[in-house]
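Peer 1: I'm passing along my_file.txt; it holds compact mmCIF, C-alpha atoms.
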# COMPACT_ATOMS: atom_id res chain seq x y z
CA MET A 1 138.47 72.98 81.49
CA GLU A 2 136.20 75.86 82.49
CA GLU A 3 136.83 77.69 79.25
CA ALA A 4 135.89 74.64 77.11
CA ASN A 5 132.15 75.04 77.72
CA ASN A 6 132.45 78.78 78.38
CA THR A 7 131.99 78.46 82.13
CA LYS A 8 133.46 81.23 84.29
CA ASN A 9 133.28 81.38 88.10
CA GLY A 10 131.11 78.25 87.89
CA VAL A 11 128.57 80.12 85.75
CA ASN A 12 127.65 78.91 82.26
CA VAL A 13 128.14 82.19 80.39
CA ASN A 14 126.55 80.95 77.16
CA LEU A 15 123.41 79.98 79.06
CA LEU A 16 123.43 83.37 80.83
CA LEU A 17 123.67 85.26 77.54
CA ASP A 18 121.06 82.96 75.94
CA THR A 19 118.69 83.70 78.83
CA ILE A 20 119.12 87.45 78.33
CA GLU A 21 118.44 87.10 74.58
CA ALA A 22 115.39 84.91 75.23
CA ILE A 23 113.93 87.54 77.61
CA LYS A 24 114.47 90.26 75.01
CA ASN A 25 112.25 88.19 72.67
CA ASP A 26 109.64 87.21 75.29
CA SER A 27 109.50 89.41 78.36
CA ASN A 28 107.27 86.89 80.18
CA ILE A 29 110.28 84.59 80.59
CA ALA A 30 111.53 87.02 83.25
CA LYS A 31 108.43 86.66 85.46
CA PHE A 32 109.08 84.45 88.48
CA GLN A 33 107.06 83.50 91.53
CA PHE A 34 108.93 82.04 94.49
CA ARG A 35 107.17 80.26 97.34
CA ALA A 36 107.83 78.96 100.83
CA GLU A 37 105.93 76.87 103.35
CA THR A 38 106.84 77.38 106.97
CA GLU A 39 105.73 75.33 109.93
CA TRP A 40 106.16 76.33 113.53
CA VAL A 41 107.90 73.54 115.51
CA ASN A 42 108.14 74.74 119.13
CA GLY A 43 109.09 77.96 120.91
CA GLY A 44 111.22 80.03 118.54
CA HIS A 45 111.86 77.08 116.22
CA CYS A 46 110.33 76.82 112.74
CA ARG A 47 111.08 74.98 109.52
CA THR A 48 110.66 76.29 105.96
CA GLU A 49 110.47 74.16 102.84
CA PHE A 50 111.07 75.32 99.27
CA LYS A 51 110.35 73.21 96.22
CA ASN A 52 108.44 74.28 93.13
CA PHE A 53 108.29 77.79 91.76
CA TYR A 54 107.09 79.48 88.61
CA GLY A 55 109.52 80.93 86.10
CA ALA A 56 110.50 81.05 82.42
CA ASN A 57 106.83 80.47 81.48
CA VAL A 58 106.53 77.15 83.30
CA GLU A 59 105.83 75.67 86.71
CA ASP A 60 109.38 74.60 87.65
CA THR A 61 109.38 71.14 89.26
CA SER A 62 113.06 70.40 88.69
CA ARG A 63 113.94 70.15 92.39
CA LYS A 64 113.83 66.45 93.28
CA GLN A 65 113.39 67.19 96.98
CA ALA A 66 112.48 70.19 99.07
CA ILE A 67 115.20 72.52 100.34
CA VAL A 68 114.84 73.12 104.08
CA LEU A 69 115.83 76.10 106.20
CA GLU A 70 115.38 76.14 109.96
CA GLY A 71 114.95 79.19 112.15
CA ASP A 72 115.25 79.60 115.91
CA GLU A 73 116.37 82.09 118.52
CA PRO A 74 119.52 81.95 120.65
CA ALA A 75 119.21 81.29 124.40
CA VAL A 76 119.09 84.96 125.41
CA LEU A 77 116.03 85.32 123.14
CA LEU A 78 114.45 82.22 124.68
CA GLY A 79 115.29 79.78 121.87
CA ASN A 80 117.50 76.73 121.38
CA ASP A 81 119.70 77.64 118.40
CA HIS A 82 118.15 75.14 115.99
CA GLY A 83 118.88 77.72 113.29
CA ALA A 84 119.78 81.33 112.68
CA ASN A 85 117.11 83.75 113.81
CA ALA A 86 114.90 85.70 111.43
CA VAL A 87 116.97 88.89 111.30
CA GLU A 88 120.16 86.87 110.87
CA ALA A 89 118.46 85.11 107.94
CA VAL A 90 117.95 88.56 106.39
CA LEU A 91 121.73 89.09 106.46
CA HIS A 92 122.23 85.72 104.74
CA ALA A 93 119.64 86.58 102.08
CA LEU A 94 121.39 89.87 101.39
CA ALA A 95 124.90 88.40 101.17
CA SER A 96 123.66 85.49 99.04
CA CYS A 97 122.08 87.94 96.61
CA LEU A 98 125.17 90.15 96.44
CA SER A 99 127.34 87.04 95.92
CA VAL A 100 125.27 85.93 92.92
CA GLY A 101 125.25 89.49 91.60
CA PHE A 102 129.03 89.85 91.79
CA VAL A 103 129.84 86.40 90.41
CA TYR A 104 127.28 86.28 87.55
CA ASN A 105 128.03 89.82 86.39
CA ALA A 106 131.78 89.21 86.67
CA ALA A 107 131.32 86.09 84.49
CA ALA A 108 129.36 88.08 81.90
CA ARG A 109 132.23 90.63 81.79
CA GLY A 110 134.94 87.98 81.50
CA ILE A 111 136.29 88.62 85.02
CA SER A 112 137.54 85.54 86.91
CA VAL A 113 136.72 85.69 90.62
CA GLU A 114 139.16 83.83 92.86
CA SER A 115 137.52 84.57 96.21
CA LEU A 116 134.68 86.69 97.54
CA THR A 117 133.61 87.14 101.16
CA PHE A 118 131.13 89.36 102.96
CA CYS A 119 130.98 90.50 106.60
CA LEU A 120 127.60 91.88 107.59
CA GLU A 121 126.25 93.47 110.74
CA GLY A 122 122.90 94.93 111.60
CA ASN A 123 121.82 96.89 114.68
CA LEU A 124 118.41 96.27 116.14
CA ASP A 125 116.60 97.54 119.22
CA LEU A 126 114.13 95.10 120.79
CA HIS A 127 111.88 97.78 122.33
CA ALA A 128 109.35 97.66 119.50
CA PHE A 129 109.22 93.84 119.27
CA LEU A 130 108.56 93.65 123.02
CA GLY A 131 105.85 96.30 122.87
CA LEU A 132 107.90 98.81 124.89
CA SER A 133 108.09 101.61 122.31
CA GLU A 134 105.86 103.14 119.66
CA THR A 135 108.72 105.22 118.23
CA THR A 136 111.60 102.72 117.91
CA ARG A 137 111.36 100.73 114.67
CA PRO A 138 111.09 96.92 115.03
CA GLY A 139 113.64 96.15 112.29
CA TYR A 140 117.28 96.93 111.65
CA GLU A 141 118.27 100.57 112.14
CA ASN A 142 120.94 99.98 109.50
CA ILE A 143 122.96 97.21 107.88
CA ARG A 144 126.66 97.42 107.08
CA VAL A 145 128.31 95.14 104.52
CA LYS A 146 132.06 94.87 103.98
CA TYR A 147 133.33 92.65 101.21
CA ARG A 148 136.69 91.36 99.98
CA ILE A 149 137.12 90.23 96.42
CA LYS A 150 140.11 88.73 94.60
CA ALA A 151 139.66 88.83 90.86
CA ASP A 152 141.66 89.44 87.68
CA ALA A 153 140.44 93.02 87.23
CA PRO A 154 141.67 96.41 88.44
CA GLU A 155 140.09 97.85 91.59
CA GLU A 156 138.31 100.53 89.58
CA GLN A 157 136.51 97.90 87.53
CA LEU A 158 135.56 95.98 90.68
CA GLU A 159 134.17 99.17 92.24
CA GLU A 160 132.08 99.70 89.10
CA LEU A 161 130.93 96.07 89.32
CA CYS A 162 129.88 96.66 92.95
CA ALA A 163 127.92 99.77 91.92
CA TYR A 164 126.16 97.76 89.20
CA VAL A 165 125.36 94.93 91.63
CA GLN A 166 123.87 97.43 94.09
CA LYS A 167 121.65 98.85 91.36
CA THR A 168 120.34 95.43 90.29
CA SER A 169 120.30 93.24 93.45
CA PRO A 170 116.80 91.93 94.25
CA VAL A 171 117.36 91.52 98.01
CA LEU A 172 119.16 94.85 98.38
CA ASP A 173 116.15 96.48 96.70
CA ILE A 174 113.77 94.60 99.03
CA ILE A 175 115.68 95.86 102.09
CA ARG A 176 116.42 99.41 100.94
CA ASN A 177 112.97 100.10 99.48
CA PRO A 178 109.39 99.35 100.56
CA VAL A 179 107.75 96.10 99.47
CA SER A 180 104.00 95.57 99.84
CA VAL A 181 103.21 92.57 102.07
CA THR A 182 99.70 91.21 102.63
CA ILE A 183 99.04 88.84 105.52
CA GLU A 184 95.76 87.02 105.95
CA MET A 185 94.34 84.14 107.94
CA GLU A 186 93.09 81.17 105.89
CA MET B 1 104.52 69.63 132.64
CA GLU B 2 104.70 72.85 130.65
CA GLU B 3 102.74 74.77 133.29
CA ALA B 4 105.12 73.68 136.09
CA ASN B 5 107.90 76.05 135.01
CA ASN B 6 105.47 78.45 133.32
CA THR B 7 106.40 77.42 129.79
CA LYS B 8 103.77 77.93 127.10
CA ASN B 9 104.21 77.05 123.40
CA GLY B 10 107.81 76.14 124.28
CA VAL B 11 108.46 79.68 125.52
CA ASN B 12 109.56 80.34 129.10
CA VAL B 13 106.99 83.00 129.97
CA ASN B 14 108.66 84.00 133.26
CA LEU B 15 111.91 84.65 131.41
CA LEU B 16 110.02 86.62 128.74
CA LEU B 17 108.35 88.82 131.37
CA ASP B 18 111.64 89.18 133.31
CA THR B 19 113.35 90.34 130.09
CA ILE B 20 110.67 92.98 129.53
CA GLU B 21 111.04 94.20 133.12
CA ALA B 22 114.85 94.28 132.82
CA ILE B 23 114.63 96.42 129.66
CA LYS B 24 112.28 98.84 131.40
CA ASN B 25 115.04 99.34 134.00
CA ASP B 26 117.97 99.45 131.53
CA SER B 27 117.04 100.29 127.95
CA ASN B 28 120.52 99.25 126.72
CA ILE B 29 119.61 95.60 127.29
CA ALA B 30 117.40 95.86 124.19
CA LYS B 31 120.28 96.85 121.89
CA PHE B 32 121.42 93.95 119.71
CA GLN B 33 123.91 93.60 116.88
CA PHE B 34 123.61 90.53 114.66
CA ARG B 35 126.37 89.45 112.28
CA ALA B 36 126.99 87.10 109.40
CA GLU B 37 130.02 85.98 107.42
CA THR B 38 129.35 84.76 103.91
CA GLU B 39 131.79 83.05 101.58
CA TRP B 40 131.19 82.51 97.90
CA VAL B 41 131.74 78.81 97.00
CA ASN B 42 131.19 78.51 93.24
CA GLY B 43 128.65 79.79 90.71
CA GLY B 44 125.48 80.72 92.59
CA HIS B 45 126.52 78.81 95.71
CA CYS B 46 127.53 80.57 98.94
CA ARG B 47 127.74 79.67 102.62
CA THR B 48 126.91 81.92 105.57
CA GLU B 49 128.04 81.36 109.14
CA PHE B 50 126.50 82.88 112.27
CA LYS B 51 128.05 82.63 115.70
CA ASN B 52 128.58 85.47 118.15
CA PHE B 53 126.43 88.56 118.42
CA TYR B 54 126.03 91.45 120.81
CA GLY B 55 122.98 91.78 123.04
CA ALA B 56 121.78 92.31 126.61
CA ASN B 57 124.90 94.38 127.30
CA VAL B 58 127.36 91.59 126.49
CA GLU B 59 129.14 89.92 123.60
CA ASP B 60 127.10 86.72 123.38
CA THR B 61 129.37 83.69 122.84
CA SER B 62 126.86 81.07 123.96
CA ARG B 63 126.70 79.29 120.61
CA LYS B 64 129.12 76.36 120.81
CA GLN B 65 129.39 76.12 117.04
CA ALA B 66 128.49 78.28 114.09
CA ILE B 67 125.07 77.98 112.48
CA VAL B 68 125.37 77.57 108.70
CA LEU B 69 122.99 78.57 105.93
CA GLU B 70 123.70 77.79 102.28
CA GLY B 71 122.41 79.65 99.28
CA ASP B 72 122.30 78.71 95.61
CA GLU B 73 120.15 79.11 92.52
CA PRO B 74 117.98 76.47 90.83
CA ALA B 75 119.00 75.09 87.43
CA VAL B 76 116.97 77.59 85.41
CA LEU B 77 118.92 80.37 87.15
CA LEU B 78 122.22 78.59 86.42
CA GLY B 79 122.77 77.08 89.87
CA ASN B 80 122.83 73.63 91.45
CA ASP B 81 120.22 73.83 94.25
CA HIS B 82 122.73 73.62 97.11
CA GLY B 83 120.31 75.85 99.02
CA ALA B 84 117.35 78.16 98.65
CA ASN B 85 118.08 81.24 96.61
CA ALA B 86 118.39 84.73 98.07
CA VAL B 87 114.82 85.87 97.49
CA GLU B 88 113.48 82.54 98.81
CA ALA B 89 115.60 83.12 101.93
CA VAL B 90 113.75 86.44 102.36
CA LEU B 91 110.46 84.50 102.52
CA HIS B 92 111.94 82.20 105.19
CA ALA B 93 113.20 85.18 107.21
CA LEU B 94 109.74 86.75 107.09
CA ALA B 95 107.87 83.57 108.09
CA SER B 96 110.40 82.80 110.82
CA CYS B 97 109.89 86.28 112.27
CA LEU B 98 106.10 86.07 112.11
CA SER B 99 106.24 82.60 113.71
CA VAL B 100 108.25 83.91 116.69
CA GLY B 101 105.96 86.92 116.91
CA PHE B 102 102.78 84.85 117.01
CA VAL B 103 104.11 82.21 119.40
CA TYR B 104 105.90 84.48 121.90
CA ASN B 105 103.04 86.98 122.07
CA ALA B 106 100.50 84.16 122.35
CA ALA B 107 102.53 82.77 125.27
CA ALA B 108 102.59 86.18 126.96
CA ARG B 109 98.78 86.36 126.63
CA GLY B 110 98.22 82.83 127.94
CA ILE B 111 97.13 81.46 124.55
CA SER B 112 98.21 77.88 123.77
CA VAL B 113 99.14 77.41 120.11
CA GLU B 114 98.57 73.91 118.76
CA SER B 115 99.75 74.49 115.19
CA LEU B 116 100.84 77.40 113.01
CA THR B 117 101.77 77.34 109.33
CA PHE B 118 102.55 79.97 106.72
CA CYS B 119 102.34 79.86 102.92
CA LEU B 120 104.26 82.65 101.23
CA GLU B 121 104.67 83.74 97.65
CA GLY B 122 106.51 86.62 96.06
CA ASN B 123 106.47 87.83 92.47
CA LEU B 124 109.67 89.03 90.90
CA ASP B 125 110.64 90.19 87.41
CA LEU B 126 114.23 89.43 86.37
CA HIS B 127 114.52 92.33 83.92
CA ALA B 128 116.31 94.60 86.39
CA PHE B 129 118.71 91.93 87.69
CA LEU B 130 119.72 91.11 84.12
CA GLY B 131 120.23 94.77 83.22
CA LEU B 132 117.29 94.79 80.78
CA SER B 133 115.18 97.48 82.45
CA GLU B 134 115.72 100.73 84.31
CA THR B 135 112.06 100.93 85.35
CA THR B 136 111.27 97.43 86.67
CA ARG B 137 112.35 97.04 90.29
CA PRO B 138 114.93 94.29 91.03
CA GLY B 139 113.13 92.95 94.12
CA TYR B 140 109.70 91.50 94.87
CA GLU B 141 106.78 93.44 93.46
CA ASN B 142 104.76 92.13 96.41
CA ILE B 143 104.69 89.32 98.95
CA ARG B 144 101.56 87.46 100.03
CA VAL B 145 101.41 85.52 103.29
CA LYS B 146 98.57 83.20 104.27
CA TYR B 147 98.63 81.57 107.67
CA ARG B 148 96.65 78.93 109.56
CA ILE B 149 96.63 78.86 113.32
CA LYS B 150 95.02 76.46 115.77
CA ALA B 151 94.93 77.89 119.28
CA ASP B 152 92.67 78.04 122.33
CA ALA B 153 91.41 81.56 121.61
CA PRO B 154 88.48 82.97 119.60
CA GLU B 155 89.17 84.09 116.02
CA GLU B 156 88.73 87.74 117.00
CA GLN B 157 91.56 87.46 119.53
CA LEU B 158 93.78 85.71 116.96
CA GLU B 159 93.10 88.47 114.42
CA GLU B 160 94.11 91.03 117.05
CA LEU B 161 97.24 88.98 117.77
CA CYS B 162 98.07 89.03 114.04
CA ALA B 163 97.62 92.81 113.92
CA TYR B 164 99.96 93.18 116.91
CA VAL B 165 102.55 90.86 115.33
CA GLN B 166 102.45 92.90 112.11
CA LYS B 167 103.06 96.10 114.09
CA THR B 168 106.06 94.67 115.95
CA SER B 169 107.75 92.18 113.57
CA PRO B 170 111.37 93.11 112.84
CA VAL B 171 111.57 91.38 109.43
CA LEU B 172 108.17 92.63 108.29
CA ASP B 173 109.37 96.16 109.12
CA ILE B 174 112.62 95.55 107.20
CA ILE B 175 110.65 94.44 104.12
CA ARG B 176 107.80 96.94 104.28
CA ASN B 177 109.95 99.98 105.11
CA PRO B 178 113.32 101.29 103.93
CA VAL B 179 116.49 100.21 105.76
CA SER B 180 119.80 101.99 105.17
CA VAL B 181 122.47 99.60 103.84
CA THR B 182 126.11 100.58 103.34
CA ILE B 183 128.37 98.39 101.20
CA GLU B 184 132.11 98.91 101.00
CA MET B 185 135.17 97.07 99.79
CA GLU B 186 137.76 96.22 102.46
Using the file provided, produce a representation of the structure as structure tokens.
Peer 2:
Amino acid sequence: MEEANNTKNGVNVNLLLDTIEAIKNDSNIAKFQFRAETEWVNGGHCRTEFKNFYGANVEDTSRKQAIVLEGDEPAVLLGNDHGANAVEAVLHALASCLSVGFVYNAAARGISVESLTFCLEGNLDLHAFLGLSETTRPGYENIRVKYRIKADAPEEQLEELCAYVQKTSPVLDIIRNPVSVTIEME
Amino acid sequence: MEEANNTKNGVNVNLLLDTIEAIKNDSNIAKFQFRAETEWVNGGHCRTEFKNFYGANVEDTSRKQAIVLEGDEPAVLLGNDHGANAVEAVLHALASCLSVGFVYNAAARGISVESLTFCLEGNLDLHAFLGLSETTRPGYENIRVKYRIKADAPEEQLEELCAYVQKTSPVLDIIRNPVSVTIEME
């Protein structure tokens, strides 16, 4: 069934290759702007909505309803577990990006992925967040990712795929390298 | 009601101050390790679970059930909108962190927050992800955050609060500054 419309790993490979060709002809197609609106609820709890974005030369309004993510802190950090906390959400963003990277690039190379899982951990010292240190960084000291993949390719090819994914992953780049962030009151 | 148990903005201020005092006496209390387990579902769709973590000198098992976040791509990026995509999740993580930073620090200063919202946008060029450029970065070129806050404090004090939050926010630090990430196959 999958092969009939050239779908591999749930990815429409023809559409993927068409997109790459289209960008070669018009580089503006590759320019995207993603957006989020977040509202504080109470205590550590907030709610973020995602709907429209800009990409492929148009304002994309294809989402019928907003996608919602909730954030909160666990009890020890004075919250009520209405959602993962902010630094946990960073781990999700990273794994989600690596997952897409592995699966889309595997599809483009004709590799069938049977299963793919990631275990992530990040160490963080609260001294800076609580205003108790000027020298400890507020964010993760480091993040470790271990993954397991079952696919119809030799380990060497999967290692090369992983290297390629690391070179091209948007969220890995955002975490490993500096991104300019401006914050202003409206 | 809130004042009776010294809760402000939904934050137990006594517990917050007790935590700060406890860390001054035992710096190890501030050491946390957060974790995530992510499973690829199909195409751009993945699912992340969060449950236990380490913090305050113990393995924290207080969450009765796992918290789940789903990730997927929109149609134009060959997905089915089962969740926000990875770079959108980064925007949520950032806003969630800023929200906690504003609200907890406001509570510690005796400021009542009535409402707090964030609008975020990030520009991203897909050339690198699609293997079409060695010079374009894969991640966000920049992120812009605009916030609105209603609180019982003069604008000058809220601007100072924002500056403090920016100095101490874990996710803002993760995005603005490099974090070491190791990725290995199990």
Peer 1: Padding 8 Å on every side, please: axis-aligned box over the listed atoms of region 101-116 of chain B, centre and edge lengths to one decimal in Å, as AutoDock Vina command-line options.
Peer 2:
--center_x 101.5 --center_y 80.4 --center_z 120.5 --size_x 24.8 --size_y 29.1 --size_z 30.9
Peer 1: Figure out the distance between CA of Asn177 (chain B) and CA of Val179 (chain A), please, to one decimal in Å.
Peer 2: 7.2 Å
Peer 1: Here's a test: counting all atoms listed in the file, identify every protein, DNA and RNA residue with an atom at most 9 Å from (122.6, 80.2, 92.8) in the file's coordinate frame, and state them as a list in words.
Peer 2: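 The requested residues, written out, are Ser96, Cys97, Ser99 and Val100 of chain A; Asn42, Gly43, Gly44, His45, Cys46, Gly71, Asp72, Glu73, Pro74, Ala75, Leu77, Leu78, Gly79, Asn80, Asp81, His82, Gly83, Ala84, Asn85 and Ala86 of chain B.
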Peer 1: Using only C-alpha atoms, which of B:Ser169, B:Asn12, B:Asn142, B:Asn105 sits nearest Gly122 (chain B)?
Peer 2: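 Residue with the minimum atom-to-atom distance to Gly122 (chain B): B:Asn142.
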Peer 1: With a distance cut-off of 9 Å and only C-alpha atoms, select the neighbouring residues of Lys167 (chain A), excluding the residue or stretch itself and same-chain residues fewer than 6 positions from it, and output the selection as a list of chain:residue names.
Peer 2: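 Surrounding residues, per the criterion: A:Asp173, B:Ala128, B:Phe129, B:Pro138.
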Peer 1: Fit chain B to chain A: least squares, all C-alpha atoms, paired in order; write the output as a compact mmCIF listing (two decimals) with C-alpha atoms, in the frame of the given file.
Peer 2:
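The result, stored in selection_14.txt:
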# COMPACT_ATOMS: atom_id res chain seq x y z
CA MET B 1 138.49 73.04 81.47
CA GLU B 2 136.19 75.88 82.46
CA GLU B 3 136.83 77.73 79.19
CA ALA B 4 135.90 74.67 77.08
CA ASN B 5 132.16 75.04 77.71
CA ASN B 6 132.44 78.78 78.38
CA THR B 7 131.98 78.47 82.13
CA LYS B 8 133.47 81.22 84.28
CA ASN B 9 133.29 81.37 88.10
CA GLY B 10 131.10 78.26 87.89
CA VAL B 11 128.55 80.12 85.75
CA ASN B 12 127.65 78.90 82.27
CA VAL B 13 128.14 82.18 80.41
CA ASN B 14 126.55 80.96 77.16
CA LEU B 15 123.41 79.99 79.06
CA LEU B 16 123.43 83.37 80.84
CA LEU B 17 123.67 85.25 77.54
CA ASP B 18 121.06 82.96 75.92
CA THR B 19 118.68 83.70 78.82
CA ILE B 20 119.12 87.45 78.32
CA GLU B 21 118.45 87.09 74.59
CA ALA B 22 115.38 84.91 75.24
CA ILE B 23 113.93 87.54 77.61
CA LYS B 24 114.48 90.26 75.01
CA ASN B 25 112.27 88.20 72.67
CA ASP B 26 109.64 87.21 75.29
CA SER B 27 109.50 89.43 78.36
CA ASN B 28 107.27 86.90 80.18
CA ILE B 29 110.27 84.59 80.60
CA ALA B 30 111.54 87.02 83.26
CA LYS B 31 108.43 86.66 85.45
CA PHE B 32 109.08 84.45 88.48
CA GLN B 33 107.05 83.49 91.53
CA PHE B 34 108.93 82.05 94.49
CA ARG B 35 107.18 80.26 97.35
CA ALA B 36 107.83 78.97 100.83
CA GLU B 37 105.93 76.87 103.35
CA THR B 38 106.84 77.39 106.97
CA GLU B 39 105.73 75.31 109.93
CA TRP B 40 106.16 76.34 113.53
CA VAL B 41 107.89 73.53 115.51
CA ASN B 42 108.12 74.73 119.12
CA GLY B 43 109.09 77.95 120.91
CA GLY B 44 111.20 80.02 118.53
CA HIS B 45 111.86 77.08 116.21
CA CYS B 46 110.32 76.83 112.73
CA ARG B 47 111.08 74.98 109.51
CA THR B 48 110.66 76.30 105.97
CA GLU B 49 110.47 74.17 102.84
CA PHE B 50 111.07 75.32 99.27
CA LYS B 51 110.35 73.21 96.23
CA ASN B 52 108.45 74.28 93.13
CA PHE B 53 108.29 77.79 91.77
CA TYR B 54 107.09 79.48 88.62
CA GLY B 55 109.51 80.94 86.09
CA ALA B 56 110.49 81.03 82.42
CA ASN B 57 106.85 80.46 81.48
CA VAL B 58 106.53 77.14 83.30
CA GLU B 59 105.85 75.65 86.72
CA ASP B 60 109.39 74.59 87.64
CA THR B 61 109.39 71.13 89.26
CA SER B 62 113.07 70.40 88.70
CA ARG B 63 113.94 70.14 92.38
CA LYS B 64 113.84 66.45 93.28
CA GLN B 65 113.40 67.19 96.97
CA ALA B 66 112.49 70.19 99.06
CA ILE B 67 115.20 72.51 100.34
CA VAL B 68 114.83 73.12 104.08
CA LEU B 69 115.82 76.10 106.19
CA GLU B 70 115.37 76.15 109.97
CA GLY B 71 114.95 79.17 112.16
CA ASP B 72 115.23 79.60 115.91
CA GLU B 73 116.37 82.10 118.52
CA PRO B 74 119.52 81.96 120.67
CA ALA B 75 119.21 81.30 124.41
CA VAL B 76 119.08 84.96 125.41
CA LEU B 77 116.03 85.33 123.15
CA LEU B 78 114.44 82.21 124.69
CA GLY B 79 115.28 79.77 121.89
CA ASN B 80 117.49 76.73 121.39
CA ASP B 81 119.71 77.66 118.40
CA HIS B 82 118.15 75.15 115.99
CA GLY B 83 118.89 77.72 113.29
CA ALA B 84 119.77 81.33 112.67
CA ASN B 85 117.12 83.75 113.80
CA ALA B 86 114.90 85.72 111.44
CA VAL B 87 116.95 88.91 111.30
CA GLU B 88 120.17 86.88 110.87
CA ALA B 89 118.46 85.12 107.94
CA VAL B 90 117.94 88.57 106.39
CA LEU B 91 121.73 89.10 106.47
CA HIS B 92 122.23 85.73 104.74
CA ALA B 93 119.63 86.58 102.08
CA LEU B 94 121.38 89.88 101.39
CA ALA B 95 124.89 88.38 101.17
CA SER B 96 123.65 85.48 99.05
CA CYS B 97 122.07 87.95 96.61
CA LEU B 98 125.17 90.15 96.44
CA SER B 99 127.33 87.03 95.93
CA VAL B 100 125.25 85.92 92.92
CA GLY B 101 125.25 89.48 91.61
CA PHE B 102 129.02 89.85 91.79
CA VAL B 103 129.82 86.40 90.41
CA TYR B 104 127.28 86.27 87.56
CA ASN B 105 128.03 89.81 86.39
CA ALA B 106 131.77 89.19 86.68
CA ALA B 107 131.32 86.08 84.50
CA ALA B 108 129.36 88.08 81.92
CA ARG B 109 132.22 90.63 81.79
CA GLY B 110 134.94 87.98 81.51
CA ILE B 111 136.29 88.61 85.02
CA SER B 112 137.54 85.53 86.90
CA VAL B 113 136.72 85.67 90.62
CA GLU B 114 139.17 83.82 92.86
CA SER B 115 137.53 84.56 96.21
CA LEU B 116 134.68 86.68 97.55
CA THR B 117 133.61 87.13 101.17
CA PHE B 118 131.13 89.35 102.97
CA CYS B 119 130.98 90.50 106.60
CA LEU B 120 127.60 91.88 107.60
CA GLU B 121 126.25 93.47 110.74
CA GLY B 122 122.89 94.93 111.61
CA ASN B 123 121.82 96.89 114.67
CA LEU B 124 118.42 96.28 116.14
CA ASP B 125 116.59 97.55 119.23
CA LEU B 126 114.13 95.10 120.80
CA HIS B 127 111.89 97.78 122.33
CA ALA B 128 109.35 97.65 119.50
CA PHE B 129 109.21 93.84 119.28
CA LEU B 130 108.56 93.65 123.01
CA GLY B 131 105.84 96.31 122.87
CA LEU B 132 107.89 98.82 124.89
CA SER B 133 108.08 101.61 122.31
CA GLU B 134 105.87 103.14 119.65
CA THR B 135 108.73 105.22 118.24
CA THR B 136 111.62 102.73 117.91
CA ARG B 137 111.37 100.74 114.68
CA PRO B 138 111.09 96.93 115.03
CA GLY B 139 113.63 96.14 112.30
CA TYR B 140 117.29 96.94 111.65
CA GLU B 141 118.26 100.56 112.14
CA ASN B 142 120.95 99.97 109.51
CA ILE B 143 122.97 97.20 107.89
CA ARG B 144 126.68 97.42 107.08
CA VAL B 145 128.30 95.14 104.52
CA LYS B 146 132.05 94.87 103.97
CA TYR B 147 133.34 92.65 101.21
CA ARG B 148 136.69 91.36 99.97
CA ILE B 149 137.13 90.23 96.41
CA LYS B 150 140.11 88.73 94.61
CA ALA B 151 139.66 88.83 90.85
CA ASP B 152 141.66 89.44 87.67
CA ALA B 153 140.43 93.02 87.21
CA PRO B 154 141.68 96.42 88.42
CA GLU B 155 140.09 97.86 91.58
CA GLU B 156 138.31 100.54 89.55
CA GLN B 157 136.51 97.88 87.51
CA LEU B 158 135.57 95.98 90.68
CA GLU B 159 134.17 99.17 92.24
CA GLU B 160 132.08 99.69 89.10
CA LEU B 161 130.94 96.06 89.32
CA CYS B 162 129.88 96.67 92.94
CA ALA B 163 127.92 99.77 91.92
CA TYR B 164 126.16 97.75 89.20
CA VAL B 165 125.37 94.92 91.63
CA GLN B 166 123.88 97.42 94.10
CA LYS B 167 121.66 98.84 91.36
CA THR B 168 120.35 95.42 90.30
CA SER B 169 120.30 93.24 93.46
CA PRO B 170 116.81 91.93 94.25
CA VAL B 171 117.36 91.51 98.01
CA LEU B 172 119.16 94.84 98.40
CA ASP B 173 116.15 96.48 96.71
CA ILE B 174 113.77 94.60 99.04
CA ILE B 175 115.69 95.87 102.09
CA ARG B 176 116.42 99.40 100.93
CA ASN B 177 112.96 100.10 99.48
CA PRO B 178 109.40 99.36 100.57
CA VAL B 179 107.74 96.10 99.46
CA SER B 180 104.00 95.57 99.84
CA VAL B 181 103.22 92.57 102.07
CA THR B 182 99.70 91.22 102.63
CA ILE B 183 99.04 88.84 105.52
CA GLU B 184 95.76 87.01 105.94
CA MET B 185 94.35 84.13 107.93
CA GLU B 186 93.10 81.16 105.90
Peer 1: Once you count all atoms listed in the file, what closest atom pair and distance in Å to one decimal does each residue of region 22-141 of chain A within 10 Å of region 181-186 of chain B have, with rows by chain and rising residue number, as JSON lines?
Peer 2:
{"residue": "A:Phe118", "atom": "CA", "partner": "B:Met185", "partner_atom": "CA", "distance": 9.3}
{"residue": "A:Cys119", "atom": "CA", "partner": "B:Glu186", "partner_atom": "CA", "distance": 9.8}
{"residue": "A:Leu120", "atom": "CA", "partner": "B:Ile183", "partner_atom": "CA", "distance": 9.2}
{"residue": "A:Glu121", "atom": "CA", "partner": "B:Val181", "partner_atom": "CA", "distance": 10.0}
{"residue": "A:Gly122", "atom": "CA", "partner": "B:Val181", "partner_atom": "CA", "distance": 9.1}
{"residue": "A:Tyr140", "atom": "CA", "partner": "B:Val181", "partner_atom": "CA", "distance": 9.7}
{"residue": "A:Glu141", "atom": "CA", "partner": "B:Val181", "partner_atom": "CA", "distance": 9.4}
Peer 1: Restricted to C-alpha atoms, what would the selected residues look like written as a CSV table (one decimal), in the coordinates of the input?
Peer 2:
chain,number,residue,atom,x,y,z
A,118,PHE,CA,131.1,89.4,103.0
A,119,CYS,CA,131.0,90.5,106.6
A,120,LEU,CA,127.6,91.9,107.6
A,121,GLU,CA,126.2,93.5,110.7
A,122,GLY,CA,122.9,94.9,111.6
A,140,TYR,CA,117.3,96.9,111.6
A,141,GLU,CA,118.3,100.6,112.1
